[in-house]
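Next up, target_28.tsv (TSV, C-alpha atoms):
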```tsv
chain	number	residue	atom	x	y	z
I	12	MET	CA	14.02	-7.25	-17.09
I	13	SER	CA	12.94	-3.62	-17.00
I	14	GLU	CA	12.78	-1.79	-13.69
I	15	THR	CA	9.03	-1.45	-14.06
I	16	LEU	CA	8.59	-5.20	-14.44
I	17	GLU	CA	10.90	-5.80	-11.47
I	18	LEU	CA	8.72	-3.53	-9.31
I	19	ALA	CA	5.56	-5.27	-10.54
I	20	ASP	CA	7.09	-8.68	-9.79
I	21	LYS	CA	8.10	-7.58	-6.29
I	22	LEU	CA	4.55	-6.36	-5.62
I	23	LYS	CA	3.09	-9.62	-6.98
I	24	THR	CA	5.39	-11.80	-4.87
I	25	GLU	CA	4.80	-9.77	-1.73
I	26	GLY	CA	1.04	-9.79	-2.34
I	27	GLU	CA	1.02	-13.59	-2.68
I	28	LYS	CA	2.95	-13.86	0.59
I	29	PHE	CA	0.37	-11.76	2.44
I	30	ILE	CA	-2.54	-13.64	0.89
I	31	ARG	CA	-1.05	-16.89	2.26
I	32	ILE	CA	-0.43	-15.36	5.70
I	33	PHE	CA	-3.90	-13.87	6.04
I	34	SER	CA	-5.57	-17.00	4.61
I	35	GLU	CA	-4.06	-19.14	7.36
I	36	LEU	CA	-5.24	-17.04	10.32
I	37	THR	CA	-7.75	-18.44	12.80
I	38	ASP	CA	-10.80	-16.48	13.91
I	39	ASP	CA	-9.05	-15.62	17.18
I	40	GLN	CA	-5.88	-14.45	15.43
I	41	TRP	CA	-7.86	-11.92	13.39
I	42	GLN	CA	-8.70	-10.21	16.68
I	43	ALA	CA	-5.10	-10.08	17.96
I	44	GLU	CA	-4.19	-6.51	18.86
I	45	VAL	CA	-1.35	-5.07	16.81
I	46	TYR	CA	-1.49	-1.40	17.85
I	47	THR	CA	-2.96	-0.07	21.09
I	48	GLU	CA	-1.92	3.59	21.08
I	49	GLY	CA	-4.91	5.74	20.21
I	50	GLU	CA	-7.42	3.62	18.33
I	51	THR	CA	-6.73	-0.11	18.83
I	52	TRP	CA	-5.95	-1.95	15.61
I	53	THR	CA	-6.31	-5.72	15.29
I	54	ILE	CA	-4.86	-7.84	12.51
I	55	ARG	CA	-8.20	-7.36	10.74
I	56	ASN	CA	-7.68	-3.58	10.90
I	57	VAL	CA	-4.20	-3.96	9.43
I	58	LEU	CA	-5.59	-5.87	6.44
I	59	SER	CA	-8.26	-3.19	6.03
I	60	HIS	CA	-5.45	-0.62	6.06
I	61	PHE	CA	-3.54	-2.54	3.37
I	62	VAL	CA	-6.63	-2.49	1.15
I	63	THR	CA	-7.70	1.10	1.64
I	64	SER	CA	-4.26	2.71	1.66
I	65	GLU	CA	-3.13	0.93	-1.50
I	66	ARG	CA	-6.38	1.70	-3.27
I	67	GLY	CA	-6.06	5.39	-2.38
I	68	LEU	CA	-2.35	5.64	-3.08
I	69	VAL	CA	-2.57	4.09	-6.54
I	70	LYS	CA	-5.27	6.64	-7.46
I	71	LEU	CA	-2.98	9.40	-6.18
I	72	PHE	CA	0.03	7.99	-8.06
I	73	GLU	CA	-1.94	7.78	-11.31
I	74	SER	CA	-2.94	11.41	-10.83
I	75	ILE	CA	0.75	12.29	-10.46
I	76	ARG	CA	1.55	10.22	-13.53
I	77	GLN	CA	-0.99	12.27	-15.44
I	78	GLY	CA	0.62	15.55	-14.34
I	79	GLY	CA	-1.00	16.19	-10.96
I	80	ALA	CA	0.92	17.52	-7.96
I	81	GLY	CA	0.11	14.69	-5.56
I	82	ALA	CA	-1.07	14.86	-1.95
I	83	ALA	CA	-2.27	18.20	-0.62
I	84	ASP	CA	-0.03	19.99	1.87
I	85	ASP	CA	-2.68	19.64	4.58
I	86	PHE	CA	-3.34	15.94	3.95
I	87	SER	CA	-3.54	13.99	7.22
I	88	ILE	CA	-2.60	10.32	7.09
I	89	ASP	CA	-4.21	9.77	10.49
I	90	ARG	CA	-7.54	11.32	9.40
I	91	PHE	CA	-7.49	9.30	6.17
I	92	ASN	CA	-6.78	6.03	7.99
I	93	GLU	CA	-9.49	6.70	10.56
I	94	SER	CA	-12.08	7.46	7.87
I	95	GLN	CA	-11.14	4.32	5.92
I	96	GLN	CA	-11.37	2.11	9.02
I	97	LYS	CA	-14.91	3.42	9.57
I	98	LYS	CA	-15.84	2.64	5.96
I	99	THR	CA	-14.66	-0.98	6.25
I	100	LYS	CA	-15.72	-1.74	9.85
I	101	ASP	CA	-18.54	-4.08	8.81
I	102	LEU	CA	-16.50	-6.16	6.38
I	103	LEU	CA	-15.52	-9.68	7.41
I	104	PRO	CA	-11.86	-10.71	7.18
I	105	ALA	CA	-12.67	-12.96	4.20
I	106	GLU	CA	-14.24	-10.00	2.38
I	107	LEU	CA	-11.21	-7.83	3.12
I	108	LEU	CA	-8.91	-10.58	1.89
I	109	GLU	CA	-10.81	-10.74	-1.42
I	110	GLN	CA	-10.51	-6.97	-1.72
I	111	TYR	CA	-6.79	-7.17	-0.99
I	112	LYS	CA	-6.36	-9.76	-3.76
I	113	GLU	CA	-8.20	-7.50	-6.18
I	114	VAL	CA	-6.41	-4.30	-5.15
I	115	ARG	CA	-2.95	-5.87	-5.31
I	116	GLY	CA	-3.73	-7.55	-8.64
I	117	ASN	CA	-4.83	-4.19	-10.03
I	118	THR	CA	-1.68	-2.54	-8.67
I	119	VAL	CA	0.56	-5.15	-10.29
I	120	SER	CA	-1.20	-4.66	-13.63
I	121	TRP	CA	-1.01	-0.89	-13.30
I	122	VAL	CA	2.73	-0.89	-12.53
I	123	SER	CA	3.35	-3.38	-15.36
I	124	GLY	CA	1.92	-0.81	-17.77
I	125	PHE	CA	4.49	1.85	-16.85
I	126	LYS	CA	7.33	2.94	-19.07
I	127	ASP	CA	10.59	3.00	-17.10
I	128	GLU	CA	10.99	6.73	-17.70
I	129	GLU	CA	7.63	7.37	-16.00
I	130	LEU	CA	9.19	6.21	-12.74
I	131	GLU	CA	11.05	9.56	-12.71
I	132	ILE	CA	7.86	11.65	-12.56
I	133	LYS	CA	7.81	13.75	-9.40
I	134	GLY	CA	4.93	14.44	-7.07
I	135	ARG	CA	4.04	14.73	-3.41
I	136	HIS	CA	3.58	11.49	-1.47
I	137	PRO	CA	1.52	11.82	1.76
I	138	PHE	CA	4.35	10.37	3.87
I	139	LEU	CA	7.53	10.70	1.82
I	140	GLY	CA	6.86	14.24	0.62
I	141	GLU	CA	8.24	15.31	-2.75
I	142	THR	CA	9.71	12.30	-4.56
I	143	VAL	CA	9.53	10.27	-7.78
I	144	LEU	CA	6.96	7.59	-8.62
I	145	ARG	CA	9.64	4.88	-8.34
I	146	GLU	CA	10.01	5.59	-4.61
I	147	MET	CA	6.25	5.83	-4.13
I	148	ILE	CA	5.72	2.43	-5.74
I	149	LYS	CA	8.50	0.88	-3.66
I	150	MET	CA	6.82	2.28	-0.56
I	151	LEU	CA	3.71	0.19	-1.33
I	152	TYR	CA	5.53	-3.00	-0.40
I	153	LEU	CA	7.86	-1.47	2.19
I	154	HIS	CA	4.82	-0.08	4.00
I	155	ASN	CA	3.28	-3.53	4.26
I	156	GLN	CA	6.58	-5.02	5.46
I	157	ILE	CA	6.70	-2.52	8.33
I	158	HIS	CA	3.21	-3.51	9.44
I	159	TYR	CA	4.05	-7.20	8.97
I	160	ARG	CA	6.83	-6.95	11.52
I	161	ASP	CA	4.30	-5.61	14.04
I	162	LEU	CA	1.72	-8.20	13.00
I	163	LYS	CA	4.19	-11.04	13.65
I	164	ARG	CA	4.81	-9.69	17.16
I	165	ALA	CA	1.06	-9.69	17.83
I	166	LEU	CA	0.79	-13.34	16.80
I	167	LYS	CA	3.48	-14.56	19.22
```

Kindly transcribe the structure held in the file into structure tokens.
Amino acid sequence: MSETLELADKLKTEGEKFIRIFSELTDDQWQAEVYTEGETWTIRNVLSHFVTSERGLVKLFESIRQGGAGAADDFSIDRFNESQQKKTKDLLPAELLEQYKEVRGNTVSWVSGFKDEELEIKGRHPFLGETVLREMIKMLYLHNQIHYRDLKRALK
């Protein structure tokens, strides 16, 4: 199996795992606080973050794939996340879950269309800095795993 298809499969499998986890939450669990420093984030906010960050990152990655430089030097992850939370504040968890399914499905299809050599294209990731698309794509699922660890703690 090509590296590209391995990455796509990993994203698909991880996406299915999160769809199951989020689908099984009760109304009360959606409101469980995950982060309390600064702006409080509930589990619902974390799902919103999964949707909006992946949607934005894949657009950025495609721009890099097409020859763009990547994230601007003055890009602020915190400002981006805050603006995206405001944009999704009125969406119900079920609506966010549907968006997550769509976004992750689109990401899997997008990665599946890569040629392995395209994984070596360099650009600037907003968190990782200058790196290759392979590492940026891997960060899509590693990012969610980091938040999942915190989410599990909030559910205990």

Quick one: residues within 9 Å of Leu144 in chain I, all atoms listed in the file, excluding same-chain residues fewer than 6 positions away - as a PDB file with C-alpha atoms, in the frame of the given file?
```pdb
ATOM      1  CA  PHE I  72       0.030   7.990  -8.060  1.00  0.00           C
ATOM      2  CA  ILE I  75       0.750  12.290 -10.460  1.00  0.00           C
ATOM      3  CA  ARG I  76       1.550  10.220 -13.530  1.00  0.00           C
ATOM      4  CA  GLU I 129       7.630   7.370 -16.000  1.00  0.00           C
ATOM      5  CA  LEU I 130       9.190   6.210 -12.740  1.00  0.00           C
ATOM      6  CA  GLU I 131      11.050   9.560 -12.710  1.00  0.00           C
ATOM      7  CA  ILE I 132       7.860  11.650 -12.560  1.00  0.00           C
ATOM      8  CA  LYS I 133       7.810  13.750  -9.400  1.00  0.00           C
ATOM      9  CA  GLY I 134       4.930  14.440  -7.070  1.00  0.00           C
ATOM     10  CA  HIS I 136       3.580  11.490  -1.470  1.00  0.00           C
TER      11      HIS I 136
END
```

For this session: Measure the distance from CA of Glu93 in chain I to CA of Glu35 in chain I in Å and round it to one decimal.
Result: 26.6 Å

Problem set entry | Residue contacts of Lys98 in chain I (12 Å, all atoms listed in the file) excluding same-chain residues fewer than 2 positions away, as a list in words | Asn56, Ser59, His60, Val62, Thr63, Phe91, Asn92, Glu93, Ser94, Gln95, Gln96, Lys100, Asp101, Leu102 and Leu107 of chain I

Problem set entry | Interatomic distance (Å, one decimal) between CA of Lys23 in chain I and CA of Val119 in chain I |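 Here the two named atoms are 6.1 Å from each other.
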
For this session: For CA of Tyr46 in chain I and CA of Gln156 in chain I, quote the distance in Å rounded to one decimal.
Result: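 Pair CA of Tyr46 in chain I / CA of Gln156 in chain I returns 15.2 Å.
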
Exercise. Taking only C-alpha atoms into account, which of I:Val69, I:Val122, I:Ile30, I:Leu151 comes nearest Leu16 in chain I?
Worked result: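 Closest candidate: I:Val122.
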
Problem set entry | Selection: 10 Å around Ile88 in chain I, all atoms listed in the file, excl. self and same-chain fewer than 6 positions, as a PyMOL selection string | chain I and resi 64+94+137-138

With N, CA and C atoms as the goal, would you fill in the gaps in range 119-140 of chain I and present it as a JSON list (two decimals), in the coordinates of the input?
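To be explicit, this is the file written out as part-v2.json:
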```json
[["chain", "number", "residue", "atom", "x", "y", "z"],
["I", 119, "VAL", "N", -0.46, -4.46, -9.49],
["I", 119, "VAL", "CA", 0.56, -5.15, -10.29],
["I", 119, "VAL", "C", 0.34, -4.86, -11.77],
["I", 120, "SER", "N", -0.90, -4.95, -12.23],
["I", 120, "SER", "CA", -1.20, -4.66, -13.63],
["I", 120, "SER", "C", -0.89, -3.21, -13.98],
["I", 121, "TRP", "N", -1.25, -2.31, -13.07],
["I", 121, "TRP", "CA", -1.01, -0.89, -13.30],
["I", 121, "TRP", "C", 0.48, -0.60, -13.42],
["I", 122, "VAL", "N", 1.28, -1.12, -12.49],
["I", 122, "VAL", "CA", 2.73, -0.89, -12.53],
["I", 122, "VAL", "C", 3.34, -1.54, -13.78],
["I", 123, "SER", "N", 2.84, -2.69, -14.17],
["I", 123, "SER", "CA", 3.35, -3.38, -15.36],
["I", 123, "SER", "C", 3.17, -2.54, -16.62],
["I", 124, "GLY", "N", 2.19, -1.65, -16.62],
["I", 124, "GLY", "CA", 1.92, -0.81, -17.77],
["I", 124, "GLY", "C", 2.76, 0.45, -17.85],
["I", 125, "PHE", "N", 3.62, 0.66, -16.87],
["I", 125, "PHE", "CA", 4.49, 1.85, -16.85],
["I", 125, "PHE", "C", 5.61, 1.72, -17.88],
["I", 126, "LYS", "N", 6.06, 2.86, -18.35],
["I", 126, "LYS", "CA", 7.33, 2.94, -19.07],
["I", 126, "LYS", "C", 8.36, 3.29, -18.01],
["I", 127, "ASP", "N", 9.56, 2.74, -18.12],
["I", 127, "ASP", "CA", 10.59, 3.00, -17.10],
["I", 127, "ASP", "C", 10.80, 4.49, -16.84],
["I", 128, "GLU", "N", 10.74, 5.30, -17.90],
["I", 128, "GLU", "CA", 10.99, 6.73, -17.70],
["I", 128, "GLU", "C", 9.90, 7.40, -16.86],
["I", 129, "GLU", "N", 8.70, 6.80, -16.81],
["I", 129, "GLU", "CA", 7.63, 7.37, -16.00],
["I", 129, "GLU", "C", 7.92, 7.25, -14.50],
["I", 130, "LEU", "N", 8.82, 6.37, -14.14],
["I", 130, "LEU", "CA", 9.19, 6.21, -12.74],
["I", 130, "LEU", "C", 9.88, 7.45, -12.20],
["I", 131, "GLU", "N", 10.35, 8.33, -13.10],
["I", 131, "GLU", "CA", 11.05, 9.56, -12.71],
["I", 131, "GLU", "C", 10.11, 10.74, -12.49],
["I", 132, "ILE", "N", 8.81, 10.56, -12.75],
["I", 132, "ILE", "CA", 7.86, 11.65, -12.56],
["I", 132, "ILE", "C", 7.77, 11.99, -11.08],
["I", 133, "LYS", "N", 7.82, 13.29, -10.80],
["I", 133, "LYS", "CA", 7.81, 13.75, -9.40],
["I", 133, "LYS", "C", 6.42, 14.18, -8.97],
["I", 134, "GLY", "N", 6.17, 14.00, -7.69],
["I", 134, "GLY", "CA", 4.93, 14.44, -7.07],
["I", 134, "GLY", "C", 5.08, 14.37, -5.57],
["I", 135, "ARG", "N", 4.00, 14.71, -4.87],
["I", 135, "ARG", "CA", 4.04, 14.73, -3.41],
["I", 135, "ARG", "C", 3.33, 13.50, -2.85],
["I", 136, "HIS", "N", 4.09, 12.67, -2.16],
["I", 136, "HIS", "CA", 3.58, 11.49, -1.47],
["I", 136, "HIS", "C", 3.12, 11.93, -0.08],
["I", 137, "PRO", "N", 2.02, 11.36, 0.46],
["I", 137, "PRO", "CA", 1.52, 11.82, 1.76],
["I", 137, "PRO", "C", 2.49, 11.60, 2.93],
["I", 138, "PHE", "N", 3.40, 10.64, 2.81],
["I", 138, "PHE", "CA", 4.35, 10.37, 3.87],
["I", 138, "PHE", "C", 5.77, 10.78, 3.48],
["I", 139, "LEU", "N", 6.17, 10.44, 2.28],
["I", 139, "LEU", "CA", 7.53, 10.70, 1.82],
["I", 139, "LEU", "C", 7.78, 12.15, 1.41],
["I", 140, "GLY", "N", 6.71, 12.87, 1.14],
["I", 140, "GLY", "CA", 6.86, 14.24, 0.62],
["I", 140, "GLY", "C", 7.19, 14.20, -0.85]]
```
